[in-house]
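Participant: Have a look at this one before I ask anything.
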Amino acid sequence: MIPVPKHIQQLKPYVAGKTIEEVVAQYNPPRISKLASNENRLGCSQKANEAALKALPVIMNYPDPACTLLRQKISEKTGIPAERIMPGSGSEGVMQLIIKTFFEPHEHALTASATFIGFTVLINSRGVGLRQLPLTAGYRFDTAALADAITPDTRMVYIANPNNPTGTYITKTEFEAFMARVPDHVMVIMDEAYYEFAAGLDDYPDATGYDFDNLITLRTFSKAYGLAGYRIGYGLAHPDIIKTLMKVKLPFEPSLPAQYAAMGALEDDDFLRKTQQMVKSGRNRLYRFLTEKEVTFVPSASNSVMMVFETEEQAAHFTEEMLKKGVILRRLPGFGLPNCVRVTVGLDAEMDHFEEAFEAVYESVNQS
């Protein structure tokens with residue numbers, strides 16, 4: 001047998017939410033609402049799909065390694081120079097490249113105890129150290145504690161803002177105070193996968209508006225733009241960081257259809273506004289419903305809401321009973337929150353289904 005490094009043997013892989021096919025095979029409910037994976041339940045812009053089709057006549061050709069057209073389009077929409085932009089196969093693809101590129105063996109990363117699992121999987125697969133600090137009592141990143149924990153061997157601090165799965169965010173004041181304490185040798189990743197849902201908040205810090213040489217901002221087309229299946233995102237950073245990453249990245253990613261789809265999505269501001277309105281309305285509806293049912297939840301700046309149960313057993317029972325009714329939710333033990341369940345904001349019909357199923361099963365939760 002080929003020997004496997006110890007850190008890979010011990011690696012716990014990312015476990016995604018249940019698929020529709022899995023639920024059909026297990027329970028075969030008459031109706032399914034997939035509210036587990038923070039996908040855009042509106043779908044994606046027709047302009048994105050139409051643009052992707054334009055790639056098909058030239059699909060025999062490799063994509064432009066520099067992603068020139070897409071970088072220009074992102075630059076036009078954001079006002080950020082193209083030399084500060086690097087597309088990747090989802091923001092997670094860019095994250096993987098950053099982790100692959102910048103660590104020495106003795107160095108480590110810092111983040112929270114309950115945040116995006118993809119980051120912890122990638123760090124652990126790299127075989128470097130990882131320290132995770134507790135969230136605050138309000139399920140928020142403790143930026144002061146992260147700054148206190150930085151040592152000469154700290155290479156990277158990862159902050160998801162808004163955080164996945166809690167939906168909470170750090171404020172401008174917290175971000176600026178944190179960055180003022182971060183040494184130049186420490187890279188800060190601000191993962192803004194849910195940026196489009198938080199951008200309207202007065203105290204939300206758009207990281208691209210700050211001029212820090214050691215800051216990398218991640219964005220994705222998977223959430224607000226509904227292109228999760230295309231796998232397309234991008235990073236924004238100092239040109240020297242982008243140049244370094246471009247030397248290491250696989251030359252022909254993202255795929256040609258993904259690049260075209262992203263450019264098409266950026267042309268459809270109406271679809272983005274419709275998505276943002278759906279999420280805002282759906283969140284408020286969830287707040288009212290859960291408040292009425294006296295269920296604890298965490299106010300969110302993303303496209304999901306996290307419910308908090310008294311025990312892990314209650315969370316597990318509720319999730320399983322909802323599955324039987326065809327409502328797919330996301331339990332969060334893998335995130336370090338075993339008593340919590342995340343609900344993606346969906347279409348009105350899906351939220352109707354959630355409420356109907358909730359009414360049918362919730363009485364049994366306290367008996368579990």
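Residue numbers start at 1 in each chain; chains themselves are named A, B, ... in the order of the structure tokens; ligands are numbered from 1 in the order shown.
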Check which residues of region 314-368 of chain A sit at most 10 Å from region 6-26 of chain A using only C-alpha atoms, and return one row each with the closest pair of atoms and their distance in Å to one decimal, ordered by chain and rising number, as CSV.

Facilitator:
residue,atom,partner,partner_atom,distance
A:Leu323,CA,A:Val23,CA,7.1
A:Lys324,CA,A:Val23,CA,8.1
A:Lys325,CA,A:Val23,CA,9.9
A:Gly326,CA,A:Val23,CA,7.3
A:Val327,CA,A:Val23,CA,9.2
A:Ile328,CA,A:Lys18,CA,7.0
A:Leu329,CA,A:Gly17,CA,7.7
A:Arg330,CA,A:Gly17,CA,6.0
A:Arg331,CA,A:Gly17,CA,8.3
A:Leu332,CA,A:Gly17,CA,9.8
A:Gly334,CA,A:Val15,CA,7.9

Participant: Which residues, written as an MDAnalysis selection string, have at least one atom at most 10 Å from Ser255 (chain A), with only C-alpha atoms counted and residues fewer than 6 positions away on the same chain left out?

Facilitator: chainID A and resid 55 59 62:65 67 88:89 230:232 261

Participant: For Pro239 (chain A), find every residue with an atom within 12 Å (counting only C-alpha atoms), except residues of its own chain fewer than 2 positions away, and show them as a list in words.

Facilitator: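 After dropping sequence-adjacent residues, the list is Ile80, Pro81, Ala82, Glu83, Arg84, Ile85, Met86, Asp211, Phe212, Asp213, Asn214, Leu215, Ile216, Gly235, Leu236, Ala237, Ile241, Ile242, Lys243, Thr244, Leu245 and Met246 of chain A.
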
Participant: Write down as a VMD selection string the residues belonging to region 186-222 of chain A that are assigned strand (DSSP E or B) by DSSP computed on the backbone.

Facilitator: chain A and resid 187 to 191 215 to 220

Participant: For region 348-354 of chain A, find every residue with an atom within 9 Å (counting only C-alpha atoms), except residues of its own chain fewer than 6 positions away, and show them as a PyMOL selection string.

Facilitator: chain A and resi 31-35+41+278+282+285-286+322+325-327

Participant: Just write the chosen residues, all heavy atoms, as a short mmCIF file (atom, residue, chain, number, x, y, z; two decimals), in the first residue's frame.

Facilitator:
data_model
loop_
_atom_site.label_atom_id
_atom_site.label_comp_id
_atom_site.auth_asym_id
_atom_site.auth_seq_id
_atom_site.Cartn_x
_atom_site.Cartn_y
_atom_site.Cartn_z
N ARG A 31 -43.60 15.84 -1.57
CA ARG A 31 -43.14 17.19 -1.92
C ARG A 31 -41.80 17.43 -1.24
O ARG A 31 -41.59 16.97 -0.12
CB ARG A 31 -44.18 18.20 -1.43
CG ARG A 31 -43.87 19.65 -1.60
CD ARG A 31 -45.00 20.45 -0.98
NE ARG A 31 -44.78 21.88 -1.01
CZ ARG A 31 -45.51 22.77 -0.33
NH1 ARG A 31 -46.50 22.35 0.43
NH2 ARG A 31 -45.25 24.06 -0.42
N ILE A 32 -40.90 18.14 -1.91
CA ILE A 32 -39.59 18.41 -1.32
C ILE A 32 -39.25 19.90 -1.44
O ILE A 32 -39.44 20.52 -2.49
CB ILE A 32 -38.48 17.58 -2.00
CG1 ILE A 32 -38.63 16.10 -1.61
CG2 ILE A 32 -37.08 18.08 -1.60
CD1 ILE A 32 -37.55 15.21 -2.16
N SER A 33 -38.76 20.46 -0.34
CA SER A 33 -38.21 21.82 -0.33
C SER A 33 -36.78 21.73 0.19
O SER A 33 -36.55 21.34 1.34
CB SER A 33 -39.05 22.74 0.56
OG SER A 33 -40.35 22.91 0.02
N LYS A 34 -35.82 22.07 -0.65
CA LYS A 34 -34.40 21.93 -0.30
C LYS A 34 -33.92 23.24 0.32
O LYS A 34 -33.56 24.20 -0.37
CB LYS A 34 -33.57 21.58 -1.54
CG LYS A 34 -32.13 21.19 -1.25
CD LYS A 34 -31.49 20.60 -2.50
CE LYS A 34 -30.07 20.11 -2.22
NZ LYS A 34 -29.10 21.21 -2.25
N LEU A 35 -33.90 23.28 1.64
CA LEU A 35 -33.55 24.48 2.38
C LEU A 35 -32.33 24.23 3.27
O LEU A 35 -32.26 24.68 4.40
CB LEU A 35 -34.74 24.93 3.24
CG LEU A 35 -36.06 25.17 2.48
CD1 LEU A 35 -37.17 25.56 3.45
CD2 LEU A 35 -35.88 26.26 1.42
N ARG A 41 -32.81 29.89 -4.26
CA ARG A 41 -33.99 29.12 -4.63
C ARG A 41 -34.73 29.74 -5.81
O ARG A 41 -35.64 29.10 -6.36
CB ARG A 41 -34.92 28.97 -3.42
CG ARG A 41 -34.28 28.34 -2.18
CD ARG A 41 -33.45 27.11 -2.50
NE ARG A 41 -34.21 26.08 -3.18
CZ ARG A 41 -33.68 25.12 -3.92
NH1 ARG A 41 -32.38 25.08 -4.11
NH2 ARG A 41 -34.45 24.23 -4.48
N MET A 278 -36.22 38.80 -2.13
CA MET A 278 -36.76 37.52 -1.68
C MET A 278 -36.16 37.11 -0.34
O MET A 278 -36.87 36.66 0.57
CB MET A 278 -36.48 36.43 -2.72
CG MET A 278 -36.97 35.04 -2.32
SD MET A 278 -36.22 33.68 -3.24
CE MET A 278 -34.58 33.62 -2.52
N GLY A 282 -38.14 36.80 3.08
CA GLY A 282 -38.18 35.47 3.67
C GLY A 282 -37.58 35.41 5.05
O GLY A 282 -38.08 34.68 5.93
N ARG A 285 -40.06 36.86 7.42
CA ARG A 285 -41.14 35.89 7.63
C ARG A 285 -40.70 34.82 8.62
O ARG A 285 -41.48 34.45 9.52
CB ARG A 285 -41.54 35.26 6.30
CG ARG A 285 -42.59 34.17 6.43
CD ARG A 285 -43.02 33.64 5.09
NE ARG A 285 -43.91 32.49 5.23
CZ ARG A 285 -44.54 31.91 4.21
NH1 ARG A 285 -44.37 32.35 2.98
NH2 ARG A 285 -45.33 30.87 4.43
N LEU A 286 -39.48 34.31 8.47
CA LEU A 286 -38.97 33.31 9.41
C LEU A 286 -38.87 33.88 10.82
O LEU A 286 -39.22 33.20 11.79
CB LEU A 286 -37.58 32.83 8.96
CG LEU A 286 -37.51 31.58 8.10
CD1 LEU A 286 -36.08 31.34 7.65
CD2 LEU A 286 -38.03 30.37 8.85
N MET A 322 -38.55 16.67 9.94
CA MET A 322 -38.78 17.58 8.82
C MET A 322 -38.41 16.90 7.50
O MET A 322 -39.09 17.09 6.48
CB MET A 322 -38.00 18.88 9.01
CG MET A 322 -38.48 19.75 10.16
SD MET A 322 -40.12 20.51 9.89
CE MET A 322 -39.66 21.93 8.88
N LYS A 325 -41.11 14.92 6.11
CA LYS A 325 -42.13 15.76 5.48
C LYS A 325 -41.62 16.39 4.18
O LYS A 325 -42.34 17.15 3.53
CB LYS A 325 -42.56 16.88 6.44
CG LYS A 325 -43.19 16.39 7.74
CD LYS A 325 -44.54 15.75 7.48
CE LYS A 325 -45.22 15.36 8.79
NZ LYS A 325 -46.54 14.70 8.55
N GLY A 326 -40.36 16.09 3.83
CA GLY A 326 -39.80 16.60 2.59
C GLY A 326 -39.10 17.93 2.70
O GLY A 326 -38.74 18.52 1.67
N VAL A 327 -38.88 18.44 3.91
CA VAL A 327 -38.17 19.71 4.11
C VAL A 327 -36.73 19.40 4.52
O VAL A 327 -36.49 18.86 5.61
CB VAL A 327 -38.85 20.59 5.17
CG1 VAL A 327 -38.08 21.90 5.36
CG2 VAL A 327 -40.29 20.88 4.76
#

Participant: Please list as a PyMOL selection string every residue within 8 Å of region 264-274 of chain A, counting only C-alpha atoms and excluding residues in the same chain fewer than 5 positions away.

Facilitator: chain A and resi 44-45+47-52+73-74+77+224-225

Participant: Which residues come within 12 Å of Asn164 (chain A), counting only C-alpha atoms, excluding same-chain residues fewer than 5 positions away, as a ChimeraX atom specification?

Facilitator: /A:37-38,112-119,139-141,159,169,191-195,223,300-306,330,332,334-337,341-344

Participant: Would you save the residues of that selection, restricted to C-alpha atoms, as a PDB file, in the first residue's frame?

Facilitator:
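After the write, again-v8.pdb holds the following:
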ATOM      1  CA  SER A  37     -27.413  24.382   1.305  1.00  0.00           C
ATOM      2  CA  ASN A  38     -27.915  28.166   1.044  1.00  0.00           C
ATOM      3  CA  ALA A 112     -13.486  30.645  14.831  1.00  0.00           C
ATOM      4  CA  SER A 113     -14.709  27.351  16.238  1.00  0.00           C
ATOM      5  CA  ALA A 114     -17.941  27.468  14.236  1.00  0.00           C
ATOM      6  CA  THR A 115     -17.421  28.726  10.722  1.00  0.00           C
ATOM      7  CA  PHE A 116     -17.250  27.459   7.132  1.00  0.00           C
ATOM      8  CA  ILE A 117     -16.115  23.828   7.257  1.00  0.00           C
ATOM      9  CA  GLY A 118     -14.406  24.129   3.879  1.00  0.00           C
ATOM     10  CA  PHE A 119     -11.686  26.296   5.398  1.00  0.00           C
ATOM     11  CA  TYR A 139     -22.540  33.491  17.858  1.00  0.00           C
ATOM     12  CA  ARG A 140     -20.170  36.092  16.410  1.00  0.00           C
ATOM     13  CA  PHE A 141     -16.467  36.133  15.562  1.00  0.00           C
ATOM     14  CA  ILE A 159     -13.076  35.446   8.954  1.00  0.00           C
ATOM     15  CA  TYR A 169     -21.213  39.553  10.954  1.00  0.00           C
ATOM     16  CA  ASP A 191     -14.743  35.490   3.075  1.00  0.00           C
ATOM     17  CA  GLU A 192     -17.654  37.546   1.780  1.00  0.00           C
ATOM     18  CA  ALA A 193     -19.613  34.752   0.101  1.00  0.00           C
ATOM     19  CA  TYR A 194     -22.819  36.354   1.388  1.00  0.00           C
ATOM     20  CA  TYR A 195     -21.762  39.932   0.675  1.00  0.00           C
ATOM     21  CA  LYS A 223     -25.135  32.371  -3.548  1.00  0.00           C
ATOM     22  CA  SER A 300     -28.910  36.873  10.111  1.00  0.00           C
ATOM     23  CA  ALA A 301     -27.194  38.977   7.459  1.00  0.00           C
ATOM     24  CA  SER A 302     -27.052  36.061   4.997  1.00  0.00           C
ATOM     25  CA  ASN A 303     -29.672  34.018   3.130  1.00  0.00           C
ATOM     26  CA  SER A 304     -30.268  31.628   6.014  1.00  0.00           C
ATOM     27  CA  VAL A 305     -31.407  31.662   9.629  1.00  0.00           C
ATOM     28  CA  MET A 306     -29.960  29.486  12.388  1.00  0.00           C
ATOM     29  CA  ARG A 330     -28.959  21.551   7.711  1.00  0.00           C
ATOM     30  CA  LEU A 332     -24.727  21.751  12.286  1.00  0.00           C
ATOM     31  CA  GLY A 334     -19.902  19.429  11.808  1.00  0.00           C
ATOM     32  CA  PHE A 335     -19.678  23.168  12.406  1.00  0.00           C
ATOM     33  CA  GLY A 336     -19.341  22.653  16.157  1.00  0.00           C
ATOM     34  CA  LEU A 337     -22.981  23.623  16.794  1.00  0.00           C
ATOM     35  CA  VAL A 341     -30.214  23.841  12.603  1.00  0.00           C
ATOM     36  CA  ARG A 342     -29.778  26.161   9.609  1.00  0.00           C
ATOM     37  CA  VAL A 343     -32.733  27.088   7.386  1.00  0.00           C
ATOM     38  CA  THR A 344     -32.096  28.517   3.929  1.00  0.00           C
TER      39      THR A 344
END

Participant: For His317 (chain A), please output as an MDAnalysis selection string all residues within 9 Å (counting only C-alpha atoms; exclusion window: fewer than 4 positions along the same chain).

Facilitator: chainID A and resid 312:313 321:322 364:365 368

Participant: Take CA of Ala258 (chain A) and CA of Gln276 (chain A) and report the distance between them in Å, one decimal.

Facilitator: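 One can read the CA of Ala258 (chain A) to CA of Gln276 (chain A) distance as 22.2 Å.
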